[in-house]
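*Asks:* Dropping in protein10.cif, with mmCIF, C-alpha atoms.
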data_my_file
loop_
_atom_site.group_PDB
_atom_site.id
_atom_site.type_symbol
_atom_site.label_atom_id
_atom_site.label_comp_id
_atom_site.auth_asym_id
_atom_site.auth_seq_id
_atom_site.Cartn_x
_atom_site.Cartn_y
_atom_site.Cartn_z
ATOM 1 C CA MET A 1 27.931 25.961 27.553
ATOM 2 C CA SER A 2 27.339 27.870 24.335
ATOM 3 C CA THR A 3 25.821 31.316 24.066
ATOM 4 C CA ASN A 4 22.705 32.170 22.093
ATOM 5 C CA ALA A 5 24.845 33.828 19.429
ATOM 6 C CA GLU A 6 26.952 30.662 19.040
ATOM 7 C CA GLN A 7 23.805 28.532 18.780
ATOM 8 C CA VAL A 8 22.373 30.854 16.123
ATOM 9 C CA MET A 9 25.656 30.750 14.187
ATOM 10 C CA GLU A 10 25.763 26.947 14.357
ATOM 11 C CA LYS A 11 22.171 26.766 13.139
ATOM 12 C CA GLU A 12 22.947 29.198 10.282
ATOM 13 C CA GLU A 13 25.962 27.092 9.275
ATOM 14 C CA VAL A 14 23.761 23.986 9.128
ATOM 15 C CA GLN A 15 21.157 25.873 7.059
ATOM 16 C CA GLU A 16 23.907 27.175 4.751
ATOM 17 C CA VAL A 17 25.076 23.626 4.054
ATOM 18 C CA ASP A 18 21.491 22.529 3.481
ATOM 19 C CA LEU A 19 20.902 25.397 1.040
ATOM 20 C CA ILE A 20 24.037 24.477 -0.885
ATOM 21 C CA VAL A 21 23.146 20.790 -0.996
ATOM 22 C CA GLU A 22 19.546 21.482 -1.986
ATOM 23 C CA THR A 23 20.572 23.985 -4.644
ATOM 24 C CA ALA A 24 23.102 21.557 -6.086
ATOM 25 C CA LYS A 25 20.399 18.859 -6.255
ATOM 26 C CA GLU A 26 18.060 21.242 -8.102
ATOM 27 C CA ILE A 27 20.775 22.274 -10.548
ATOM 28 C CA ASN A 28 21.852 18.693 -11.206
ATOM 29 C CA ALA A 29 18.236 17.817 -12.053
ATOM 30 C CA LEU A 30 17.931 20.598 -14.683
ATOM 31 C CA ASP A 31 17.538 19.882 -18.350
ATOM 32 C CA LYS A 32 18.785 22.257 -21.053
ATOM 33 C CA GLU A 33 15.424 23.932 -21.701
ATOM 34 C CA THR A 34 14.685 24.548 -18.025
ATOM 35 C CA ALA A 35 18.206 25.865 -17.401
ATOM 36 C CA PHE A 36 17.780 28.419 -20.195
ATOM 37 C CA GLU A 37 14.382 29.449 -18.795
ATOM 38 C CA VAL A 38 15.687 29.918 -15.238
ATOM 39 C CA VAL A 39 18.621 32.228 -16.025
ATOM 40 C CA PRO A 40 16.619 35.438 -16.745
ATOM 41 C CA SER A 41 14.589 35.161 -13.539
ATOM 42 C CA LEU A 42 17.728 34.532 -11.499
ATOM 43 C CA ILE A 43 19.419 37.558 -13.026
ATOM 44 C CA ASP A 44 16.362 39.684 -12.297
ATOM 45 C CA SER A 45 16.153 38.412 -8.728
ATOM 46 C CA VAL A 46 19.758 39.502 -8.077
ATOM 47 C CA ASP A 47 19.013 43.066 -9.182
ATOM 48 C CA PHE A 48 15.713 43.117 -7.301
ATOM 49 C CA SER A 49 17.510 41.894 -4.169
ATOM 50 C CA TYR A 50 19.842 44.880 -4.518
ATOM 51 C CA PHE A 51 16.772 47.126 -4.795
ATOM 52 C CA LYS A 52 15.306 45.607 -1.617
ATOM 53 C CA LEU A 53 18.664 45.876 0.167
ATOM 54 C CA GLY A 54 18.682 49.568 -0.713
ATOM 55 C CA GLY A 55 15.240 49.860 0.858
ATOM 56 C CA VAL A 56 16.274 48.152 4.065
ATOM 57 C CA LEU A 57 19.410 50.275 4.336
ATOM 58 C CA SER A 58 17.308 53.374 3.660
ATOM 59 C CA ALA A 59 14.956 52.446 6.520
ATOM 60 C CA ILE A 60 17.901 51.834 8.868
ATOM 61 C CA GLN A 61 19.397 55.195 7.923
ATOM 62 C CA ASP A 62 16.138 57.179 7.989
ATOM 63 C CA ASN A 63 15.135 55.799 11.389
ATOM 64 C CA ASP A 64 18.629 56.168 12.874
ATOM 65 C CA TRP A 65 18.565 52.494 13.899
ATOM 66 C CA TRP A 66 22.330 52.373 13.433
ATOM 67 C CA ASN A 67 23.015 55.062 16.089
ATOM 68 C CA ASP A 68 23.250 52.662 19.037
ATOM 69 C CA GLU A 69 25.471 50.271 17.090
ATOM 70 C CA SER A 70 28.144 52.463 15.480
ATOM 71 C CA PRO A 71 29.473 56.013 15.521
ATOM 72 C CA THR A 72 28.603 56.554 11.827
ATOM 73 C CA PHE A 73 26.281 55.002 9.284
ATOM 74 C CA ARG A 74 29.356 54.259 7.193
ATOM 75 C CA SER A 75 31.027 52.208 9.918
ATOM 76 C CA PHE A 76 27.694 50.545 10.689
ATOM 77 C CA ILE A 77 27.183 49.078 7.216
ATOM 78 C CA GLU A 78 30.857 48.290 6.655
ATOM 79 C CA ASP A 79 31.491 46.664 10.053
ATOM 80 C CA ASN A 80 28.160 44.885 10.494
ATOM 81 C CA PHE A 81 27.448 43.757 6.956
ATOM 82 C CA GLY A 82 30.786 43.892 5.131
ATOM 83 C CA LEU A 83 29.177 46.144 2.542
ATOM 84 C CA HIS A 84 31.209 48.969 1.045
ATOM 85 C CA TYR A 85 29.729 52.302 2.065
ATOM 86 C CA ARG A 86 29.665 53.660 -1.487
ATOM 87 C CA LYS A 87 27.712 50.667 -2.806
ATOM 88 C CA GLY A 88 25.288 50.884 0.111
ATOM 89 C CA MET A 89 24.658 54.543 -0.628
ATOM 90 C CA TYR A 90 24.153 53.779 -4.328
ATOM 91 C CA LEU A 91 21.582 51.115 -3.441
ATOM 92 C CA ILE A 92 19.776 53.571 -1.142
ATOM 93 C CA LYS A 93 19.790 56.139 -3.958
ATOM 94 C CA ILE A 94 18.263 53.606 -6.355
ATOM 95 C CA TYR A 95 15.564 52.581 -3.899
ATOM 96 C CA ASP A 96 14.657 56.114 -2.830
ATOM 97 C CA GLY A 97 14.660 57.449 -6.402
ATOM 98 C CA LEU A 98 12.512 54.705 -7.898
ATOM 99 C CA VAL A 99 10.032 54.720 -5.020
ATOM 100 C CA GLU A 100 9.725 58.506 -4.977
ATOM 101 C CA ALA A 101 9.127 58.635 -8.743
ATOM 102 C CA GLU A 102 6.805 55.609 -8.564
ATOM 103 C CA ILE A 103 8.724 53.805 -11.296
ATOM 104 C CA PRO A 104 7.496 50.212 -11.772
ATOM 105 C CA TRP A 105 10.232 47.604 -11.457
ATOM 106 C CA HIS A 106 9.432 45.995 -14.817
ATOM 107 C CA LYS A 107 10.417 49.231 -16.575
ATOM 108 C CA VAL A 108 13.973 49.234 -15.164
ATOM 109 C CA SER A 109 14.602 45.565 -14.423
ATOM 110 C CA GLY A 110 16.755 45.131 -17.543
ATOM 111 C CA LEU A 111 19.365 47.573 -16.244
ATOM 112 C CA GLY A 112 21.946 46.562 -13.692
ATOM 113 C CA TRP A 113 22.443 48.505 -10.491
ATOM 114 C CA THR A 114 25.456 50.364 -11.918
ATOM 115 C CA LYS A 115 23.269 52.028 -14.555
ATOM 116 C CA LEU A 116 20.287 52.410 -12.236
ATOM 117 C CA LYS A 117 22.391 54.402 -9.784
ATOM 118 C CA GLU A 118 23.007 56.936 -12.540
ATOM 119 C CA LEU A 119 19.350 57.202 -13.517
ATOM 120 C CA ALA A 120 17.579 56.834 -10.181
ATOM 121 C CA ASP A 121 17.289 60.515 -9.343
ATOM 122 C CA ILE A 122 16.328 61.742 -12.836
ATOM 123 C CA LEU A 123 13.733 59.155 -13.851
ATOM 124 C CA THR A 124 10.102 60.200 -13.990
ATOM 125 C CA GLN A 125 6.954 58.524 -15.222
ATOM 126 C CA GLU A 126 7.302 60.633 -18.369
ATOM 127 C CA ASN A 127 10.960 59.911 -19.233
ATOM 128 C CA VAL A 128 11.611 56.407 -17.895
ATOM 129 C CA ASP A 129 11.027 54.595 -21.190
ATOM 130 C CA GLU A 130 13.314 56.933 -23.153
ATOM 131 C CA TRP A 131 16.163 56.853 -20.631
ATOM 132 C CA VAL A 132 16.008 53.081 -20.128
ATOM 133 C CA ALA A 133 15.991 52.404 -23.877
ATOM 134 C CA LYS A 134 19.032 54.611 -24.368
ATOM 135 C CA ALA A 135 20.851 53.349 -21.265
ATOM 136 C CA GLU A 136 20.555 49.740 -22.411
ATOM 137 C CA SER A 137 22.902 50.418 -25.326
ATOM 138 C CA MET A 138 25.324 52.706 -23.454
ATOM 139 C CA THR A 139 28.296 51.983 -21.268
ATOM 140 C CA THR A 140 28.019 53.219 -17.702
ATOM 141 C CA LEU A 141 30.672 55.877 -18.397
ATOM 142 C CA ASN A 142 28.761 57.228 -21.406
ATOM 143 C CA LEU A 143 25.547 57.160 -19.403
ATOM 144 C CA GLN A 144 27.247 59.130 -16.612
ATOM 145 C CA ALA A 145 28.255 61.817 -19.119
ATOM 146 C CA ALA A 146 24.743 62.013 -20.573
ATOM 147 C CA VAL A 147 23.127 62.226 -17.120
ATOM 148 C CA LYS A 148 25.635 64.885 -16.040
ATOM 149 C CA ALA A 149 24.742 66.992 -19.094
ATOM 150 C CA TYR A 150 21.024 66.440 -18.434
ATOM 151 C CA LYS A 151 21.364 67.504 -14.777
ATOM 152 C CA ALA A 152 23.289 70.601 -15.867
ATOM 153 C CA GLY A 153 20.257 71.561 -17.938
ATOM 154 C CA ASP A 154 21.892 70.750 -21.259
ATOM 155 C CA LYS A 155 19.309 68.355 -22.679
ATOM 156 C CA ALA A 156 20.700 68.889 -26.189
ATOM 157 C CA GLU A 157 24.163 67.712 -25.058
ATOM 158 C CA ALA A 158 22.639 64.718 -23.257
ATOM 159 C CA ASP A 159 20.703 63.778 -26.414
ATOM 160 C CA LYS A 160 23.850 64.253 -28.517
ATOM 161 C CA LEU A 161 25.854 61.963 -26.227
ATOM 162 C CA MET A 162 23.147 59.315 -26.357
ATOM 163 C CA LYS A 163 22.855 59.519 -30.150
ATOM 164 C CA LYS A 164 26.643 59.400 -30.535
ATOM 165 C CA VAL A 165 26.786 56.154 -28.560
ATOM 166 C CA ASN A 166 23.957 54.650 -30.580
ATOM 167 C CA SER A 167 25.686 55.568 -33.859
ATOM 168 C CA GLN A 168 28.960 54.074 -32.567
ATOM 169 C CA ILE A 169 27.120 50.849 -31.796
ATOM 170 C CA LYS A 170 25.592 50.794 -35.296
ATOM 171 C CA MET A 171 29.005 51.440 -36.882
ATOM 172 C CA ALA A 172 30.602 48.679 -34.814
ATOM 173 C CA GLY A 173 27.848 46.325 -35.957
ATOM 174 C CA MET A 174 28.387 47.315 -39.592
ATOM 175 C CA GLN A 175 32.142 46.789 -39.181
ATOM 176 C CA ALA A 176 31.564 43.350 -37.658
ATOM 177 C CA ASP A 177 29.264 42.443 -40.567
ATOM 178 C CA ALA A 178 31.860 43.650 -43.074
ATOM 179 C CA GLU A 179 34.590 41.619 -41.394
ATOM 180 C CA LYS A 180 32.379 38.566 -41.282
ATOM 181 C CA ASN A 181 31.564 38.845 -44.993
ATOM 182 C CA ALA A 182 35.077 39.811 -46.136
ATOM 183 C CA LYS A 183 36.902 37.399 -48.367
ATOM 184 C CA PRO A 184 40.532 36.590 -47.605
ATOM 185 C CA ILE A 185 43.036 38.265 -49.953
ATOM 186 C CA TYR A 186 45.589 35.452 -50.016
#
As structure tokens, please, write out the structure in this file.

*Replies:*
Amino acid sequence: MSTNAEQVMEKEEVQEVDLIVETAKEINALDKETAFEVVPSLIDSVDFSYFKLGGVLSAIQDNDWWNDESPTFRSFIEDNFGLHYRKGMYLIKIYDGLVEAEIPWHKVSGLGWTKLKELADILTQENVDEWVAKAESMTTLNLQAAVKAYKAGDKAEADKLMKKVNSQIKMAGMQADAEKNAKPIY
């Protein structure tokens, strides 16, 4: 006789196989144009799923729903969901920051969660466009430095760091153009 948990697991395994089979059928039926159209929405749905996961984890944490399950929130998310604590906390930070500042998803959807975690607690309705535009062309490490300077009250240093990165990108582009147009010397 199987337990309810075993029956649920068996049912989930059957659904998992069905999802894989159905997905494979859909993908095999794609043509080139449709495949190219689908990729951006799939990428966006991954990041939005992370945003939603941050919201669910935030609700679990805020309501202390984990208390009966584990001694700490950390052990709760790691043991029950296999999610690294640090990533879970980053996702909560993203969710809480964007919701609190009332930032629309379409304004930040082009950034991955690694950049959003840096910006989530400094974005406002007034600065979101500027920060997102600059973050798109920065590495996460450069963005971290700029945000750190901004949080320390050194807006001039933050602007300098962002401009420096943008000028490095322009110079790299000019170098690539020069290399592309260079004639061999042999």

*Asks:* Applying 12 Å and only C-alpha atoms, which residues near A:His106 remain after dropping the ones on its own chain fewer than 4 positions away? List them as a list in words.

*Replies:* Asp44, Ser45, Asp47, Phe48, Leu98, Glu102, Gly110, Leu111, Val128, Asp129 and Val132 of chain A

*Asks:* Got a sec: who's within 12 Å of A:Ala101, counting all atoms listed in the file, leaving out chain neighbours fewer than 5 positions off, as a PyMOL selection string?

*Replies:* chain A and resi 93-96+119-128

*Asks:* I'd like to see the residues matched by the PyMOL selection byres ((chain A and resi 147) around 10) on this file, and ideally I'd get them as a ChimeraX atom specification.

*Replies:* /A:118-119,121-122,131,141-146,148-155,157-159,161-162

*Asks:* Which residue is closest to A:Lys134? Choose from A:Arg86, A:Lys117, A:Lys107, A:Lys163 and count all atoms listed in the file.

*Replies:*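 Under the stated criterion, the closest residue is A:Lys163.
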
*Asks:* In Å, with one decimal, what is the gap from atom CA of A:Val38 to atom CA of A:Ile103?

*Replies:*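 Interatomic distance here is 25.2 Å.
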
*Asks:* Can you tell me, as a PyMOL selection string, which residues sit within 7 Å of (22.3, 57.6, 4.9) in the file's frame, using all atoms listed in the file?

*Replies:* chain A and resi 58+61-62+73+89

*Asks:* Suppose a student applies the PyMOL selection byres ((chain A and resi 74-85) around 12) to this structure; what residues should they get, written as a count of residues only?

*Replies:* 25

*Asks:* Rounded to one decimal place, report the atom CA of A:Val46-atom CA of A:Lys32 distance in Å.

*Replies:* 21.6 Å

*Asks:* Go ahead and compute the interatomic distance for atom CA of A:Glu130 and atom CA of A:Ser109, in Å to one decimal.

*Replies:*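 These two atoms are separated by 14.4 Å.
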